[in-house]
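Undergrad: Okay, so here is my_file.cif, and as you'll see once you scroll down, it has mmCIF, C-alpha atoms.
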data_model
loop_
_atom_site.label_atom_id
_atom_site.label_comp_id
_atom_site.auth_asym_id
_atom_site.auth_seq_id
_atom_site.Cartn_x
_atom_site.Cartn_y
_atom_site.Cartn_z
CA MET A 1 0.00 0.00 0.00
CA THR A 2 2.72 2.47 0.95
CA VAL A 3 4.54 1.54 -2.25
CA PHE A 4 1.42 2.38 -4.23
CA LEU A 5 0.89 5.71 -2.42
CA ASP A 6 4.51 6.50 -3.02
CA LEU A 7 4.38 5.96 -6.75
CA ALA A 8 0.98 7.63 -7.03
CA SER A 9 2.20 10.76 -5.31
CA ARG A 10 5.28 10.70 -7.53
CA VAL A 11 2.99 10.81 -10.57
CA LEU A 12 0.94 13.65 -9.08
CA VAL A 13 4.04 15.69 -8.25
CA LYS A 14 5.54 15.10 -11.67
CA ASN A 15 2.33 16.24 -13.40
CA GLY A 16 1.72 19.20 -11.12
CA LEU A 17 -0.43 21.32 -13.42
CA ILE A 18 -2.71 18.37 -14.21
CA THR A 19 -3.01 17.64 -10.49
CA ALA A 20 -3.99 21.27 -10.02
CA PHE A 21 -6.71 21.05 -12.70
CA THR A 22 -8.14 17.99 -10.95
CA LEU A 23 -7.95 19.47 -7.48
CA VAL A 24 -9.51 22.80 -8.47
CA GLY A 25 -12.25 20.94 -10.30
CA ILE A 26 -13.04 18.98 -7.16
CA VAL A 27 -13.03 22.15 -5.02
CA ILE A 28 -15.42 23.88 -7.42
CA PHE A 29 -17.71 20.86 -7.57
CA LEU A 30 -17.88 20.75 -3.76
CA SER A 31 -18.42 24.48 -3.61
CA TYR A 32 -21.40 24.48 -5.94
CA PHE A 33 -22.84 21.56 -4.00
CA LEU A 34 -22.39 23.43 -0.68
CA SER A 35 -23.70 26.64 -2.19
CA GLY A 36 -26.88 24.93 -3.31
CA ARG A 37 -27.43 22.88 -0.15
CA LEU A 38 -26.36 25.22 2.64
CA THR A 39 -27.06 28.67 1.28
CA LYS A 40 -29.74 27.75 -1.29
CA GLY A 41 -27.56 29.47 -3.86
CA ARG A 42 -27.61 32.79 -2.01
CA LEU A 43 -23.84 32.69 -1.68
CA HIS A 44 -22.69 31.91 -5.21
CA GLY A 45 -20.73 28.70 -5.83
CA SER A 46 -17.71 30.61 -7.06
CA ALA A 47 -17.69 32.74 -3.90
CA VAL A 48 -17.67 29.55 -1.84
CA ALA A 49 -14.89 28.13 -4.04
CA ILE A 50 -12.72 31.21 -3.57
CA SER A 51 -13.28 31.07 0.20
CA ILE A 52 -12.25 27.40 0.23
CA GLY A 53 -9.21 28.39 -1.83
CA LEU A 54 -8.25 30.97 0.80
CA LEU A 55 -8.77 28.38 3.54
CA LEU A 56 -6.45 25.98 1.68
CA GLY A 57 -3.93 28.81 1.40
CA TYR A 58 -4.09 29.25 5.17
CA ILE A 59 -3.69 25.53 5.79
CA GLY A 60 -0.72 25.39 3.43
CA GLY A 61 0.90 28.27 5.30
CA VAL A 62 0.39 26.59 8.68
CA ILE A 63 1.79 23.26 7.46
CA THR A 64 4.84 24.53 5.57
CA GLY A 65 5.50 27.97 7.03
CA GLY A 66 6.09 29.09 3.46
CA GLU A 67 4.79 32.08 1.54
CA LYS A 68 2.83 30.43 -1.26
CA GLY A 69 -0.06 28.85 0.61
CA ILE A 70 -1.03 25.36 -0.50
CA ALA A 71 1.42 25.60 -3.44
CA ASP A 72 4.32 25.14 -1.01
CA ILE A 73 3.27 21.54 -0.48
CA PRO A 74 5.08 19.65 -3.29
CA LEU A 75 1.96 17.63 -4.12
CA PHE A 76 0.06 20.87 -4.85
CA ALA A 77 2.86 22.85 -6.44
CA GLY A 78 0.90 22.90 -9.70
CA ILE A 79 -1.61 25.26 -8.02
CA GLY A 80 1.21 27.78 -8.05
CA LEU A 81 1.38 27.58 -11.83
CA LEU A 82 -2.38 27.48 -12.45
CA GLY A 83 -3.08 30.42 -10.13
CA GLY A 84 0.20 32.25 -10.72
CA SER A 85 0.32 35.66 -12.32
CA MET A 86 0.96 34.30 -15.84
CA LEU A 87 -2.23 32.27 -16.24
CA ARG A 88 -4.20 34.63 -14.01
CA ASP A 89 -3.39 37.54 -16.31
CA LEU A 90 -4.17 35.46 -19.40
CA ALA A 91 -7.56 34.59 -17.96
CA ILE A 92 -8.23 38.24 -17.03
CA VAL A 93 -7.35 39.43 -20.54
CA SER A 94 -9.56 36.74 -22.08
CA THR A 95 -12.60 38.13 -20.23
CA ALA A 96 -12.27 41.29 -22.34
CA PHE A 97 -13.38 39.22 -25.34
CA GLY A 98 -16.95 40.33 -25.84
CA ALA A 99 -16.70 43.34 -23.53
CA GLY A 100 -18.06 46.59 -24.94
CA LEU A 101 -15.91 49.66 -25.47
CA THR A 102 -18.98 51.89 -25.21
CA GLU A 103 -19.71 50.60 -21.72
CA LEU A 104 -16.14 51.33 -20.71
CA ARG A 105 -16.26 54.83 -22.17
CA LYS A 106 -19.50 55.60 -20.35
CA ALA A 107 -17.72 55.13 -17.04
CA GLY A 108 -14.49 56.67 -18.29
CA LEU A 109 -14.32 59.83 -16.22
CA ALA A 110 -15.78 58.28 -13.07
CA GLY A 111 -13.36 55.38 -13.55
CA ILE A 112 -10.33 57.65 -13.66
CA LEU A 113 -11.61 59.65 -10.69
CA SER A 114 -12.16 56.47 -8.69
CA LEU A 115 -8.65 55.30 -9.58
CA PHE A 116 -7.05 58.43 -8.09
CA LEU A 117 -9.44 58.55 -5.13
CA GLY A 118 -8.88 54.86 -4.48
CA VAL A 119 -5.10 55.24 -4.22
CA ILE A 120 -5.40 58.37 -2.06
CA ILE A 121 -8.01 56.97 0.33
CA SER A 122 -6.23 53.66 0.90
CA PHE A 123 -2.93 55.44 1.47
CA VAL A 124 -4.40 57.99 3.89
CA VAL A 125 -6.19 55.30 5.91
CA GLY A 126 -3.05 53.15 6.09
CA ALA A 127 -0.81 56.08 7.01
CA LEU A 128 -3.21 57.41 9.66
CA ILE A 129 -3.48 54.00 11.28
CA ALA A 130 0.31 53.61 11.29
CA PHE A 131 0.48 57.01 13.03
CA PHE A 132 -2.13 56.01 15.62
CA PHE A 133 -0.17 52.82 16.28
CA GLY A 134 2.73 55.00 17.35
CA TYR A 135 4.87 55.20 14.25
CA THR A 136 6.38 58.66 13.91
CA ASP A 137 9.08 58.06 11.31
CA PRO A 138 7.79 59.40 7.95
CA VAL A 139 9.47 56.51 6.07
CA ALA A 140 7.60 53.92 8.17
CA ILE A 141 4.29 55.78 7.92
CA THR A 142 4.59 56.16 4.14
CA THR A 143 5.59 52.52 3.65
CA ILE A 144 2.67 51.16 5.70
CA GLY A 145 0.28 53.57 3.95
CA ALA A 146 1.61 52.35 0.61
CA GLY A 147 1.03 48.76 1.74
CA ALA A 148 -2.63 49.58 2.28
CA VAL A 149 -2.71 50.60 -1.42
CA THR A 150 -1.51 47.18 -2.62
CA TYR A 151 1.03 44.61 -1.46
CA ILE A 152 3.24 45.61 -4.38
CA VAL A 153 3.17 49.36 -3.76
CA GLY A 154 4.22 48.78 -0.12
CA PRO A 155 7.55 47.01 -0.72
CA VAL A 156 8.34 49.14 -3.80
CA THR A 157 7.88 52.29 -1.71
CA GLY A 158 9.67 50.87 1.32
CA THR A 159 12.66 49.85 -0.77
CA ALA A 160 12.82 53.23 -2.48
CA LEU A 161 12.72 55.07 0.87
CA GLY A 162 15.07 52.67 2.68
CA ALA A 163 12.55 51.34 5.20
CA SER A 164 13.55 48.46 7.49
CA SER A 165 12.65 44.93 6.42
CA GLU A 166 10.28 44.69 9.38
CA ILE A 167 8.28 47.71 8.15
CA ILE A 168 8.31 46.36 4.59
CA ALA A 169 6.94 43.03 5.85
CA LEU A 170 4.15 44.91 7.65
CA SER A 171 3.30 46.83 4.48
CA ILE A 172 3.05 43.59 2.49
CA ALA A 173 0.80 42.14 5.19
CA ALA A 174 -1.47 45.21 5.07
CA GLY A 175 -1.81 44.77 1.30
CA LEU A 176 -2.52 41.05 1.70
CA VAL A 177 -5.23 41.76 4.28
CA LYS A 178 -6.76 44.19 1.81
CA SER A 179 -6.79 41.79 -1.13
CA ILE A 180 -8.12 38.88 0.95
CA LEU A 181 -10.91 41.00 2.43
CA VAL A 182 -11.87 42.30 -1.02
CA MET A 183 -12.16 38.69 -2.23
CA LEU A 184 -14.30 37.69 0.74
CA ILE A 185 -16.48 40.79 1.21
CA THR A 186 -17.32 41.69 -2.41
CA PRO A 187 -19.90 38.94 -3.01
CA LEU A 188 -21.53 39.76 0.36
CA VAL A 189 -22.00 43.48 -0.28
CA ALA A 190 -22.32 43.51 -4.09
CA LYS A 191 -26.05 44.13 -4.04
CA ARG A 192 -25.90 46.86 -1.40
CA ILE A 193 -23.25 48.88 -3.25
CA GLY A 194 -25.00 48.46 -6.60
CA LEU A 195 -22.31 46.30 -8.13
CA ASN A 196 -24.38 44.85 -10.96
CA ASN A 197 -23.50 46.81 -14.10
CA PRO A 198 -20.38 47.64 -16.11
CA GLN A 199 -20.19 51.23 -14.87
CA SER A 200 -20.23 50.41 -11.18
CA ALA A 201 -17.72 47.62 -11.88
CA VAL A 202 -15.33 50.17 -13.40
CA ILE A 203 -15.69 52.39 -10.32
CA TYR A 204 -15.29 49.41 -7.99
CA GLY A 205 -12.14 48.28 -9.84
CA GLY A 206 -10.61 51.73 -9.62
CA MET A 207 -11.55 52.11 -5.97
CA MET A 208 -10.22 48.72 -4.75
CA GLY A 209 -7.28 48.43 -7.10
CA THR A 210 -5.92 45.11 -5.88
CA THR A 211 -5.88 43.01 -9.07
CA SER A 212 -6.24 39.70 -7.29
CA GLY A 213 -8.95 41.01 -4.95
CA VAL A 214 -10.94 42.57 -7.78
CA ALA A 215 -10.45 39.54 -10.04
CA ALA A 216 -11.79 37.15 -7.41
CA GLY A 217 -14.42 39.53 -6.03
CA LEU A 218 -16.05 40.27 -9.38
CA GLY A 219 -15.64 36.67 -10.54
CA ALA A 220 -17.75 35.62 -7.58
CA VAL A 221 -20.42 38.24 -8.29
CA ASP A 222 -20.71 38.02 -12.08
CA PRO A 223 -17.85 37.00 -14.40
CA LYS A 224 -19.31 39.30 -17.09
CA LEU A 225 -18.28 42.28 -14.96
CA VAL A 226 -14.65 41.16 -14.62
CA PRO A 227 -13.17 43.02 -17.61
CA TYR A 228 -14.70 46.35 -16.52
CA GLY A 229 -13.32 46.11 -13.00
CA ALA A 230 -9.98 44.58 -13.93
CA MET A 231 -9.18 47.31 -16.46
CA PRO A 232 -8.79 50.25 -14.01
CA ALA A 233 -7.32 47.94 -11.35
CA THR A 234 -4.33 47.20 -13.57
CA PHE A 235 -3.41 50.89 -13.50
CA TYR A 236 -3.83 51.21 -9.74
CA THR A 237 -0.57 49.59 -8.61
CA GLY A 238 1.41 51.58 -11.20
CA LEU A 239 -0.15 54.82 -10.03
CA GLY A 240 0.54 53.88 -6.41
CA CYS A 241 4.19 53.10 -7.16
CA LEU A 242 4.44 56.48 -8.85
CA VAL A 243 2.95 58.72 -6.14
CA ALA A 244 3.61 56.90 -2.84
CA PRO A 245 7.43 57.16 -2.68
CA SER A 246 7.44 60.67 -4.15
CA LEU A 247 4.48 63.01 -3.64
CA PHE A 248 2.89 61.14 -0.72
CA PHE A 249 6.22 60.77 1.09
CA LEU A 250 6.91 64.50 0.79
CA ILE A 251 3.47 65.29 2.22
CA VAL A 252 3.90 62.84 5.12
CA ARG A 253 7.36 64.22 5.87
CA GLY A 254 5.95 67.74 5.81
CA LEU A 255 3.27 66.74 8.32
CA VAL A 256 5.24 64.65 10.83
CA GLY A 257 8.91 65.22 10.00
CA MET B 1 -8.69 27.27 -35.83
CA ILE B 2 -8.80 27.32 -32.07
CA VAL B 3 -5.09 27.94 -31.78
CA TYR B 4 -5.44 31.23 -33.68
CA GLY B 5 -7.62 32.54 -30.88
CA VAL B 6 -5.21 31.34 -28.21
CA ALA B 7 -2.27 32.86 -30.09
CA LEU B 8 -4.11 36.16 -30.55
CA LEU B 9 -5.01 36.29 -26.86
CA SER B 10 -1.42 35.51 -25.88
CA GLY B 11 -0.06 38.03 -28.37
CA CYS B 12 -2.34 40.75 -26.97
CA MET B 13 -1.19 39.93 -23.45
CA LEU B 14 2.51 40.05 -24.36
CA ALA B 15 2.14 43.28 -26.35
CA GLY B 16 0.23 44.90 -23.49
CA LEU B 17 2.75 43.75 -20.88
CA ILE B 18 5.67 45.07 -22.95
CA LEU B 19 3.91 48.43 -23.36
CA GLY B 20 3.08 48.48 -19.63
CA GLU B 21 6.69 47.74 -18.77
CA ALA B 22 7.86 50.51 -21.12
CA LEU B 23 5.34 52.92 -19.61
CA GLY B 24 6.68 52.08 -16.16
CA ALA B 25 10.27 52.67 -17.25
CA LEU B 26 9.24 55.92 -18.91
CA ILE B 27 7.79 57.39 -15.71
CA GLY B 28 10.48 55.79 -13.56
CA VAL B 29 8.32 53.28 -11.69
CA GLU B 30 9.41 49.76 -10.80
CA ALA B 31 6.12 48.24 -11.89
CA ASN B 32 4.17 47.29 -14.95
CA VAL B 33 1.81 50.21 -15.48
CA GLY B 34 -1.50 49.05 -16.87
CA GLY B 35 -0.01 46.28 -19.03
CA ILE B 36 -2.99 43.97 -18.59
CA GLY B 37 -5.42 46.84 -19.13
CA ILE B 38 -3.69 47.70 -22.40
CA SER B 39 -3.84 44.01 -23.42
CA MET B 40 -7.59 44.03 -22.79
CA ILE B 41 -8.12 47.13 -24.89
CA LEU B 42 -6.10 45.53 -27.70
CA LEU B 43 -8.23 42.39 -27.54
CA ILE B 44 -11.48 44.39 -27.54
CA LEU B 45 -10.35 46.47 -30.53
CA LEU B 46 -9.23 43.40 -32.50
CA SER B 47 -12.42 41.50 -31.81
CA GLU B 48 -14.53 44.50 -32.89
CA ARG B 49 -12.44 44.92 -36.05
CA PHE B 50 -12.57 41.24 -37.05
CA LYS B 51 -16.07 40.57 -35.80
CA ARG B 52 -16.86 38.11 -38.59
CA LYS B 53 -13.88 35.84 -37.99
CA LEU B 54 -13.65 36.42 -34.26
CA ASN B 55 -16.88 35.79 -32.39
CA LEU B 56 -18.14 33.28 -29.87
CA GLU B 57 -19.30 30.90 -32.63
CA SER B 58 -16.04 30.88 -34.58
CA ALA B 59 -13.28 28.40 -33.81
CA SER B 60 -10.79 31.19 -33.09
CA GLY B 61 -13.28 32.76 -30.71
CA LYS B 62 -13.63 29.47 -28.87
CA GLY B 63 -9.89 29.48 -28.22
CA ILE B 64 -10.33 32.73 -26.31
CA ALA B 65 -13.65 31.76 -24.72
CA PHE B 66 -12.05 28.66 -23.23
CA TRP B 67 -9.67 30.77 -21.17
CA SER B 68 -12.41 33.06 -20.05
CA ALA B 69 -14.39 30.02 -18.93
CA MET B 70 -11.31 28.89 -16.99
CA TYR B 71 -11.36 32.22 -15.18
CA ILE B 72 -12.94 31.03 -11.92
CA PRO B 73 -10.73 27.89 -11.61
CA VAL B 74 -7.65 30.04 -12.11
CA VAL B 75 -8.88 32.51 -9.49
CA VAL B 76 -9.57 29.68 -7.02
CA ALA B 77 -6.00 28.44 -7.54
CA MET B 78 -4.81 32.02 -7.05
CA ALA B 79 -6.69 32.25 -3.75
CA ALA B 80 -5.17 28.94 -2.59
CA GLN B 81 -1.64 30.27 -2.93
CA GLN B 82 -2.08 33.55 -1.07
CA ASN B 83 0.06 34.10 1.97
CA ILE B 84 -2.92 34.19 4.35
CA LEU B 85 -0.85 33.34 7.39
CA ALA B 86 1.48 36.32 6.95
CA ALA B 87 -1.49 38.61 6.39
CA PHE B 88 -3.06 37.83 9.74
CA THR B 89 -0.03 37.20 11.94
CA SER B 90 2.28 40.08 11.03
CA GLY B 91 0.80 42.53 13.47
CA ALA B 92 -2.33 44.45 14.35
CA VAL B 93 -1.28 47.55 12.43
CA ALA B 94 -1.30 45.57 9.15
CA ILE B 95 -4.75 44.12 9.82
CA VAL B 96 -6.28 47.44 10.87
CA ALA B 97 -4.66 49.38 8.00
CA GLY B 98 -5.69 46.81 5.40
CA SER B 99 -9.27 46.46 6.61
CA GLY B 100 -9.71 50.19 7.16
CA ALA B 101 -8.72 50.83 3.55
CA VAL B 102 -11.13 48.17 2.30
CA ILE B 103 -14.11 49.40 4.34
CA LEU B 104 -13.72 53.03 3.30
CA SER B 105 -13.21 52.02 -0.34
CA PHE B 106 -16.42 49.98 -0.30
CA ILE B 107 -18.33 52.94 1.15
CA MET B 108 -17.03 55.16 -1.64
CA VAL B 109 -18.25 52.92 -4.50
CA PRO B 110 -21.98 53.76 -4.32
CA LEU B 111 -21.18 57.46 -3.76
CA LEU B 112 -19.09 57.59 -6.93
CA CYS B 113 -21.75 55.64 -8.82
CA LYS B 114 -24.30 58.30 -7.90
CA LEU B 115 -21.92 60.99 -9.08
CA ASN B 116 -21.48 59.14 -12.37
CA LYS B 117 -25.25 59.07 -12.91
CA THR B 118 -25.83 62.77 -12.21
CA ASP B 119 -23.11 63.74 -14.72
#
Give the structure from the file, written as structure tokens.
TA:
Amino acid sequence: MTVFLDLASRVLVKNGLITAFTLVGIVIFLSYFLSGRLTKGRLHGSAVAISIGLLLGYIGGVITGGEKGIADIPLFAGIGLLGGSMLRDLAIVSTAFGAGLTELRKAGLAGILSLFLGVIISFVVGALIAFFFGYTDPVAITTIGAGAVTYIVGPVTGTALGASSEIIALSIAAGLVKSILVMLITPLVAKRIGLNNPQSAVIYGGMMGTTSGVAAGLGAVDPKLVPYGAMPATFYTGLGCLVAPSLFFLIVRGLVG
Amino acid sequence: MIVYGVALLSGCMLAGLILGEALGALIGVEANVGGIGISMILLILLSERFKRKLNLESASGKGIAFWSAMYIPVVVAMAAQQNILAAFTSGAVAIVAGSGAVILSFIMVPLLCKLNKTD
């Protein structure tokens, strides 16, 4: 028996991506079953699947102590490829097939406004909270604020400003908390915030900005809305990396320095 | 052929990412600025331009539609490899900052939507 398990797991490890297809298929099947039985479809199957995915990520982290969730377990390494940025971005781009330019244009100005407001609001909230937690060094405050923008803006800003690795780790964590919460909360509040048409999806994408959060959040609400939300979100991190270590840092230094 | 659609989709993504990388270098930012967004615009423009050969019924279109149908599975795999543990054990300031940003951003969405309608 152990010999069999041994050779079976060798096959699964060797064919990691195929293992990932199988595993994700099983997770989605279970999720739609649970969604129908337990929530009578009120919580969409894909929302359940994404939550189970996050739970698996947590379990993987506890077991391995690594940074890549379940993908750090050799048996599930293929998940890292299937859900990595390469295939994720390919899938996001593919959703644009069939999307309407007119719909995008209709939300154009509000989309751009929400993009700028989104970066500013997240930064200000993050920076204020860092200040209330007793941080007085403008580099630390700016880096944590940048982390609340996205988990890429945080380390980029921290590195540019010469923040300590401890502060940079905190900024990444703040960005991770943001993207995880966006994934989990979006399907729960979609109706209340009017997230059911292309225009509000554009505004939502610009406001949240975390590509992974928006991708999962909208996917769980209505995959048809994904391209509209993902479009502004892809500019969010770039904008954050542009203004956080420069303009925002100067303002923070002027206020507390 | 299905592979034409897959190749077109991949080509759009690469072109967009290269442009996004160039845009980042141009403004001096260590990040890809809007690469995926540019890819999406390219794909939308191409599919409008070649509507007759590139639609959901055509073979090429099916090559793209497959990947968009794989969207949720890919996102589930993405969720499963997030560093959840680090997010919630790094310190209270990270949790409060991250959730504060999310809550305020959610509140802003309907306000901006209203603004968009009154325009």
Undergrad: Take the PyMOL selection byres ((chain B and resi 46-61) around 6), run it mentally on this structure, and tell me the resulting residues as a PDB file with C-alpha atoms, in the coordinates of the input.
TA:
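Writing the result to part_15.pdb gives the following:
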ATOM      1  CA  MET B   1      -8.690  27.270 -35.830  1.00  0.00           C
ATOM      2  CA  ILE B   2      -8.800  27.320 -32.070  1.00  0.00           C
ATOM      3  CA  TYR B   4      -5.440  31.230 -33.680  1.00  0.00           C
ATOM      4  CA  GLY B   5      -7.620  32.540 -30.880  1.00  0.00           C
ATOM      5  CA  LEU B  43      -8.230  42.390 -27.540  1.00  0.00           C
ATOM      6  CA  ILE B  44     -11.480  44.390 -27.540  1.00  0.00           C
ATOM      7  CA  LEU B  45     -10.350  46.470 -30.530  1.00  0.00           C
ATOM      8  CA  LYS B  62     -13.630  29.470 -28.870  1.00  0.00           C
ATOM      9  CA  GLY B  63      -9.890  29.480 -28.220  1.00  0.00           C
ATOM     10  CA  ILE B  64     -10.330  32.730 -26.310  1.00  0.00           C
TER      11      ILE B  64
END
Undergrad: Counting only C-alpha atoms, what are the residues of chain B within 6 Å of chain A, and for each of them which pair of atoms is the nearest and at what distance in Å, to one decimal? Sort the table by chain and rising number, as CSV.
TA:
residue,atom,partner,partner_atom,distance
B:Val29,CA,A:Leu242,CA,5.8
B:Ala31,CA,A:Gly238,CA,5.8
B:Val33,CA,A:Gly238,CA,4.5
B:Gly34,CA,A:Phe235,CA,4.3
B:Gly37,CA,A:Met231,CA,4.6
B:Met40,CA,A:Val93,CA,5.1
B:Ile44,CA,A:Phe97,CA,5.9
B:Ile64,CA,A:Ser94,CA,5.9
B:Trp67,CA,A:Ala91,CA,5.4
B:Ser68,CA,A:Thr95,CA,5.1
B:Tyr71,CA,A:Ala91,CA,5.3
B:Val74,CA,A:Gly83,CA,5.0
B:Val75,CA,A:Ala216,CA,5.9
B:Val76,CA,A:Ile50,CA,4.9
B:Ala77,CA,A:Gly83,CA,4.4
B:Met78,CA,A:Gly83,CA,3.9
B:Ala79,CA,A:Leu54,CA,5.0
B:Ala80,CA,A:Gly53,CA,4.1
B:Gln81,CA,A:Gly69,CA,4.1
B:Gln82,CA,A:Gly69,CA,5.4
B:Asn83,CA,A:Glu67,CA,5.2
B:Ile84,CA,A:Tyr58,CA,5.1
B:Leu85,CA,A:Tyr58,CA,5.7
B:Ala87,CA,A:Ala173,CA,4.4
B:Ala94,CA,A:Ala174,CA,4.1
B:Ile95,CA,A:Ala174,CA,5.9
B:Ala97,CA,A:Gly126,CA,4.5
B:Gly98,CA,A:Ala174,CA,4.5
B:Ser99,CA,A:Lys178,CA,5.9
B:Ala101,CA,A:Ser122,CA,4.6
B:Val102,CA,A:Lys178,CA,5.9
B:Ser105,CA,A:Met207,CA,5.9
B:Val109,CA,A:Tyr204,CA,5.8
B:Pro110,CA,A:Ile193,CA,5.2
B:Cys113,CA,A:Ser200,CA,5.9
B:Asn116,CA,A:Ala110,CA,5.8
Undergrad: May I ask for the distance between atom CA of Asp222 of chain A and atom CA of Phe106 of chain B, given in Å to one decimal place?
TA: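 Between atom CA of Asp222 of chain A and atom CA of Phe106 of chain B the gap works out to 17.3 Å.
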Undergrad: When you count all atoms listed in the file, which of these residues is closest to Gly45 of chain A: A:Thr19, A:Thr210, A:Asn196, A:Pro187?
TA: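 Residue with the minimum atom-to-atom distance to Gly45 of chain A: A:Pro187.
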Undergrad: Give me, please, the distance in Å between atom CA of Thr143 of chain A and atom CA of Gly158 of chain A, quoted to one decimal.
TA: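 Computed distance, atom CA of Thr143 of chain A to atom CA of Gly158 of chain A, equals 5.0 Å.
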Undergrad: At what distance in Å, to one decimal, does atom CA of Leu12 of chain A lie from atom CA of Thr64 of chain A?
TA: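 Taking atom CA of Thr64 of chain A as the start and atom CA of Leu12 of chain A as the end point, the length is 18.7 Å.
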Undergrad: Box in all listed atoms of segment 26-30 of chain B, axis-aligned, with 4 Å more on each side; write out centre and edge lengths in Å to one decimal as JSON.
TA:
{"center_x": 9.1, "center_y": 53.6, "center_z": -14.9, "size_x": 10.7, "size_y": 15.6, "size_z": 16.1}
